[in-house]
>>> print(open('start19.cif').read())   # mmCIF, N, CA and C atoms
data_entry
loop_
_atom_site.label_atom_id
_atom_site.label_comp_id
_atom_site.auth_asym_id
_atom_site.auth_seq_id
_atom_site.Cartn_x
_atom_site.Cartn_y
_atom_site.Cartn_z
N MET A 1 0.86 -1.17 0.00
CA MET A 1 0.00 0.00 0.00
C MET A 1 0.90 1.23 0.00
N MET A 2 0.66 2.13 -0.95
CA MET A 2 1.49 3.33 -1.06
C MET A 2 0.67 4.53 -0.62
N TYR A 3 1.33 5.43 0.05
CA TYR A 3 0.70 6.67 0.48
C TYR A 3 1.30 7.81 -0.33
N TYR A 4 0.45 8.52 -1.03
CA TYR A 4 0.93 9.60 -1.89
C TYR A 4 0.85 10.96 -1.23
N GLY A 5 0.19 11.07 -0.10
CA GLY A 5 0.08 12.35 0.59
C GLY A 5 -0.89 13.28 -0.11
N GLY A 6 -1.07 14.44 0.46
CA GLY A 6 -1.96 15.43 -0.14
C GLY A 6 -3.41 15.13 0.14
N PHE A 7 -4.24 15.84 -0.56
CA PHE A 7 -5.68 15.69 -0.37
C PHE A 7 -6.26 14.82 -1.47
N GLY A 8 -7.07 13.86 -1.08
CA GLY A 8 -7.77 13.05 -2.06
C GLY A 8 -9.05 13.73 -2.52
N GLY A 9 -9.72 13.16 -3.48
CA GLY A 9 -10.96 13.75 -3.99
C GLY A 9 -12.02 13.87 -2.92
N GLY A 10 -12.12 12.89 -2.05
CA GLY A 10 -13.12 12.93 -0.99
C GLY A 10 -12.83 14.02 0.03
N MET A 11 -11.56 14.30 0.23
CA MET A 11 -11.18 15.35 1.18
C MET A 11 -11.64 16.71 0.67
N TRP A 12 -11.48 16.97 -0.62
CA TRP A 12 -11.91 18.25 -1.19
C TRP A 12 -13.42 18.40 -1.16
N VAL A 13 -14.14 17.33 -1.41
CA VAL A 13 -15.61 17.38 -1.33
C VAL A 13 -16.03 17.70 0.09
N GLY A 14 -15.40 17.08 1.05
CA GLY A 14 -15.72 17.36 2.45
C GLY A 14 -15.41 18.80 2.82
N PHE A 15 -14.28 19.31 2.34
CA PHE A 15 -13.92 20.70 2.60
C PHE A 15 -14.95 21.65 2.01
N LEU A 16 -15.39 21.40 0.79
CA LEU A 16 -16.39 22.26 0.16
C LEU A 16 -17.73 22.24 0.89
N ILE A 17 -18.12 21.07 1.36
CA ILE A 17 -19.38 20.97 2.11
C ILE A 17 -19.29 21.76 3.40
N VAL A 18 -18.21 21.62 4.13
CA VAL A 18 -18.03 22.37 5.38
C VAL A 18 -17.98 23.87 5.10
N ALA A 19 -17.28 24.26 4.05
CA ALA A 19 -17.17 25.68 3.70
C ALA A 19 -18.54 26.27 3.39
N VAL A 20 -19.36 25.56 2.64
CA VAL A 20 -20.70 26.06 2.31
C VAL A 20 -21.56 26.14 3.57
N LEU A 21 -21.43 25.15 4.44
CA LEU A 21 -22.22 25.16 5.67
C LEU A 21 -21.80 26.30 6.61
N LEU A 22 -20.57 26.74 6.54
CA LEU A 22 -20.11 27.86 7.36
C LEU A 22 -20.45 29.21 6.74
N VAL A 23 -20.30 29.33 5.43
CA VAL A 23 -20.47 30.63 4.77
C VAL A 23 -21.94 30.99 4.57
N ALA A 24 -22.79 30.03 4.25
CA ALA A 24 -24.19 30.31 3.91
C ALA A 24 -24.93 31.10 5.00
N PRO A 25 -24.87 30.73 6.26
CA PRO A 25 -25.59 31.51 7.27
C PRO A 25 -25.05 32.94 7.41
N PHE A 26 -23.73 33.08 7.34
CA PHE A 26 -23.15 34.43 7.44
C PHE A 26 -23.53 35.28 6.23
N TRP A 27 -23.66 34.65 5.06
CA TRP A 27 -24.03 35.36 3.83
C TRP A 27 -25.39 36.04 3.99
N ARG A 28 -26.27 35.44 4.80
CA ARG A 28 -27.59 36.02 5.01
C ARG A 28 -27.64 36.94 6.22
N ILE A 29 -26.84 36.69 7.23
CA ILE A 29 -26.89 37.47 8.47
C ILE A 29 -26.15 38.81 8.33
N LEU A 30 -24.99 38.80 7.71
CA LEU A 30 -24.16 39.99 7.67
C LEU A 30 -24.81 41.20 6.99
N PRO A 31 -25.48 41.05 5.84
CA PRO A 31 -26.11 42.24 5.23
C PRO A 31 -27.17 42.89 6.13
N ARG A 32 -27.81 42.10 6.95
CA ARG A 32 -28.82 42.66 7.87
C ARG A 32 -28.18 43.55 8.93
N ASN A 33 -26.88 43.38 9.12
CA ASN A 33 -26.14 44.19 10.08
C ASN A 33 -25.28 45.24 9.42
N GLY A 34 -25.47 45.45 8.11
CA GLY A 34 -24.74 46.48 7.41
C GLY A 34 -23.33 46.10 7.00
N ILE A 35 -23.05 44.82 6.91
CA ILE A 35 -21.73 44.32 6.52
C ILE A 35 -21.87 43.64 5.16
N PRO A 36 -20.95 43.89 4.21
CA PRO A 36 -21.08 43.29 2.88
C PRO A 36 -21.07 41.75 2.91
N ASN A 37 -21.75 41.16 1.92
CA ASN A 37 -21.84 39.69 1.83
C ASN A 37 -20.48 39.01 1.75
N TRP A 38 -19.56 39.57 0.99
CA TRP A 38 -18.29 38.89 0.73
C TRP A 38 -17.48 38.67 2.00
N VAL A 39 -17.76 39.42 3.06
CA VAL A 39 -17.04 39.24 4.32
C VAL A 39 -17.35 37.86 4.92
N ALA A 40 -18.44 37.24 4.49
CA ALA A 40 -18.79 35.91 4.97
C ALA A 40 -17.72 34.88 4.62
N LEU A 41 -16.92 35.14 3.61
CA LEU A 41 -15.86 34.20 3.24
C LEU A 41 -14.79 34.08 4.32
N VAL A 42 -14.75 35.02 5.24
CA VAL A 42 -13.80 34.94 6.36
C VAL A 42 -14.11 33.73 7.24
N ALA A 43 -15.35 33.25 7.20
CA ALA A 43 -15.74 32.11 8.03
C ALA A 43 -14.99 30.84 7.66
N ILE A 44 -14.41 30.80 6.46
CA ILE A 44 -13.65 29.60 6.05
C ILE A 44 -12.34 29.50 6.83
N ILE A 45 -11.78 30.65 7.19
CA ILE A 45 -10.51 30.68 7.93
C ILE A 45 -10.76 30.17 9.36
N PRO A 46 -9.86 29.36 9.89
CA PRO A 46 -10.05 28.93 11.28
C PRO A 46 -10.18 30.13 12.22
N LEU A 47 -11.12 30.07 13.09
CA LEU A 47 -11.49 31.13 14.03
C LEU A 47 -12.17 32.33 13.35
N GLY A 48 -12.27 32.32 12.04
CA GLY A 48 -12.93 33.42 11.33
C GLY A 48 -14.41 33.51 11.68
N ALA A 49 -15.08 32.36 11.78
CA ALA A 49 -16.49 32.36 12.13
C ALA A 49 -16.70 32.91 13.54
N LEU A 50 -15.80 32.58 14.43
CA LEU A 50 -15.90 33.10 15.80
C LEU A 50 -15.75 34.62 15.82
N VAL A 51 -14.82 35.14 15.04
CA VAL A 51 -14.63 36.59 14.96
C VAL A 51 -15.85 37.26 14.36
N LEU A 52 -16.42 36.68 13.31
CA LEU A 52 -17.62 37.26 12.70
C LEU A 52 -18.80 37.27 13.68
N LEU A 53 -18.95 36.20 14.44
CA LEU A 53 -20.01 36.18 15.45
C LEU A 53 -19.80 37.27 16.48
N TRP A 54 -18.58 37.49 16.88
CA TRP A 54 -18.26 38.54 17.85
C TRP A 54 -18.59 39.91 17.28
N VAL A 55 -18.23 40.14 16.03
CA VAL A 55 -18.51 41.43 15.38
C VAL A 55 -20.01 41.69 15.30
N VAL A 56 -20.77 40.68 14.90
CA VAL A 56 -22.22 40.85 14.80
C VAL A 56 -22.84 41.08 16.17
N ALA A 57 -22.36 40.36 17.17
CA ALA A 57 -22.93 40.48 18.51
C ALA A 57 -22.69 41.86 19.12
N PHE A 58 -21.53 42.43 18.89
CA PHE A 58 -21.19 43.69 19.54
C PHE A 58 -21.27 44.90 18.61
N LYS A 59 -21.80 44.74 17.41
CA LYS A 59 -21.87 45.83 16.44
C LYS A 59 -22.73 46.98 16.97
N ASP A 60 -23.87 46.69 17.54
CA ASP A 60 -24.74 47.74 18.07
C ASP A 60 -24.06 48.51 19.20
N MET A 61 -23.35 47.81 20.06
CA MET A 61 -22.68 48.47 21.19
C MET A 61 -21.58 49.40 20.68
N ILE A 62 -20.87 48.96 19.65
CA ILE A 62 -19.78 49.76 19.10
C ILE A 62 -20.33 50.99 18.39
N GLU A 63 -21.45 50.85 17.66
CA GLU A 63 -22.02 51.97 16.92
C GLU A 63 -22.63 53.03 17.82
N LYS A 64 -23.09 52.67 19.01
CA LYS A 64 -23.73 53.62 19.91
C LYS A 64 -22.74 54.58 20.56
N ARG A 65 -21.47 54.27 20.52
CA ARG A 65 -20.46 55.14 21.16
C ARG A 65 -20.32 56.42 20.44
#
>>> encode(input="start19.cif", output="structure tokens")
Amino acid sequence: MMYYGGFGGGMWVGFLIVAVLLVAPFWRILPRNGIPNWVALVAIIPLGALVLLWVVAFKDMIEKR
């Protein structure tokens, strides 16, 4: 059995499914908060989704200052 390393076809399909599941909700939530849709792509980056959630949660508090 030989190991060639890298990503197999199934790995890329899995990555795309996870990416769509992360980006799709942000794509709909962010415009409602005045943030452009394309920023939702940050959710693909590790911890990016957490940062976006933080920004959405505290956006009103930041704007009131």
>>> residues_around(input="start19.cif", residues="segment 46-56 of chain A", least_positions_apart="6", cutoff="8 Å", atoms="only N, CA and C atoms", output="number ranges by chain")
A: 22, 29-30, 33, 39-40
>>> atom_distance(input="start19.cif", atom1="atom C of Val42 of chain A", atom2="atom N of Val23 of chain A")
7.8 Å
>>> axis_aligned_box(input="start19.cif", around="segment 13-24 of chain A", padding_each_side="3 Å", output="lines of an AutoDock Vina configuration file")
center_x = -19.4
center_y = 24.1
center_z = 3.0
size_x = 17.0
size_y = 20.0
size_z = 14.8
>>> atom_distance(input="start19.cif", atom1="atom N of Ile35 of chain A", atom2="atom CA of Lys64 of chain A")
15.7 Å
>>> atom_distance(input="start19.cif", atom1="atom N of Ile62 of chain A", atom2="atom C of Pro36 of chain A")
18.2 Å
>>> closest_residue(input="start19.cif", among="A:Met61, A:Asn37, A:Arg32, A:Ile44", to="Ala19 of chain A", atoms="only C-alpha atoms")
A:Ile44
>>> select_by_dssp(input="start19.cif", residues="chain A", states="alpha helix (DSSP H)", output="PyMOL selection string")
chain A and resi 9-32+48-63
>>> decode(input="start19.cif", residues="segment 12-34 of chain A", atoms="N, CA and C atoms", output="mmCIF file, in the first residue's frame")
data_model
loop_
_atom_site.group_PDB
_atom_site.id
_atom_site.type_symbol
_atom_site.label_atom_id
_atom_site.label_comp_id
_atom_site.auth_asym_id
_atom_site.auth_seq_id
_atom_site.Cartn_x
_atom_site.Cartn_y
_atom_site.Cartn_z
ATOM 1 N N TRP A 12 -11.482 16.967 -0.623
ATOM 2 C CA TRP A 12 -11.905 18.254 -1.194
ATOM 3 C C TRP A 12 -13.421 18.404 -1.159
ATOM 4 N N VAL A 13 -14.139 17.326 -1.409
ATOM 5 C CA VAL A 13 -15.606 17.378 -1.334
ATOM 6 C C VAL A 13 -16.032 17.701 0.091
ATOM 7 N N GLY A 14 -15.404 17.076 1.048
ATOM 8 C CA GLY A 14 -15.715 17.357 2.449
ATOM 9 C C GLY A 14 -15.412 18.798 2.819
ATOM 10 N N PHE A 15 -14.282 19.308 2.337
ATOM 11 C CA PHE A 15 -13.920 20.698 2.604
ATOM 12 C C PHE A 15 -14.954 21.648 2.015
ATOM 13 N N LEU A 16 -15.395 21.397 0.793
ATOM 14 C CA LEU A 16 -16.390 22.264 0.156
ATOM 15 C C LEU A 16 -17.728 22.237 0.892
ATOM 16 N N ILE A 17 -18.121 21.073 1.363
ATOM 17 C CA ILE A 17 -19.382 20.967 2.107
ATOM 18 C C ILE A 17 -19.294 21.762 3.400
ATOM 19 N N VAL A 18 -18.213 21.625 4.126
ATOM 20 C CA VAL A 18 -18.034 22.365 5.377
ATOM 21 C C VAL A 18 -17.976 23.866 5.102
ATOM 22 N N ALA A 19 -17.278 24.265 4.047
ATOM 23 C CA ALA A 19 -17.171 25.683 3.698
ATOM 24 C C ALA A 19 -18.541 26.274 3.390
ATOM 25 N N VAL A 20 -19.356 25.562 2.637
ATOM 26 C CA VAL A 20 -20.700 26.057 2.310
ATOM 27 C C VAL A 20 -21.557 26.139 3.568
ATOM 28 N N LEU A 21 -21.434 25.147 4.437
ATOM 29 C CA LEU A 21 -22.224 25.165 5.673
ATOM 30 C C LEU A 21 -21.803 26.297 6.606
ATOM 31 N N LEU A 22 -20.567 26.740 6.536
ATOM 32 C CA LEU A 22 -20.107 27.858 7.357
ATOM 33 C C LEU A 22 -20.453 29.210 6.739
ATOM 34 N N VAL A 23 -20.304 29.334 5.431
ATOM 35 C CA VAL A 23 -20.465 30.629 4.771
ATOM 36 C C VAL A 23 -21.938 30.987 4.574
ATOM 37 N N ALA A 24 -22.788 30.028 4.253
ATOM 38 C CA ALA A 24 -24.185 30.311 3.914
ATOM 39 C C ALA A 24 -24.934 31.102 4.999
ATOM 40 N N PRO A 25 -24.867 30.727 6.262
ATOM 41 C CA PRO A 25 -25.588 31.513 7.274
ATOM 42 C C PRO A 25 -25.053 32.939 7.405
ATOM 43 N N PHE A 26 -23.731 33.085 7.340
ATOM 44 C CA PHE A 26 -23.155 34.427 7.444
ATOM 45 C C PHE A 26 -23.534 35.278 6.231
ATOM 46 N N TRP A 27 -23.663 34.649 5.062
ATOM 47 C CA TRP A 27 -24.027 35.360 3.832
ATOM 48 C C TRP A 27 -25.388 36.037 3.990
ATOM 49 N N ARG A 28 -26.270 35.439 4.797
ATOM 50 C CA ARG A 28 -27.594 36.020 5.013
ATOM 51 C C ARG A 28 -27.644 36.945 6.219
ATOM 52 N N ILE A 29 -26.841 36.687 7.233
ATOM 53 C CA ILE A 29 -26.887 37.472 8.470
ATOM 54 C C ILE A 29 -26.146 38.807 8.335
ATOM 55 N N LEU A 30 -24.993 38.797 7.710
ATOM 56 C CA LEU A 30 -24.155 39.995 7.666
ATOM 57 C C LEU A 30 -24.808 41.197 6.987
ATOM 58 N N PRO A 31 -25.484 41.051 5.840
ATOM 59 C CA PRO A 31 -26.112 42.241 5.232
ATOM 60 C C PRO A 31 -27.172 42.886 6.125
ATOM 61 N N ARG A 32 -27.812 42.101 6.946
ATOM 62 C CA ARG A 32 -28.824 42.656 7.870
ATOM 63 C C ARG A 32 -28.184 43.545 8.926
ATOM 64 N N ASN A 33 -26.881 43.378 9.122
ATOM 65 C CA ASN A 33 -26.141 44.186 10.084
ATOM 66 C C ASN A 33 -25.276 45.240 9.417
ATOM 67 N N GLY A 34 -25.470 45.452 8.114
ATOM 68 C CA GLY A 34 -24.738 46.483 7.408
ATOM 69 C C GLY A 34 -23.328 46.099 7.001
#
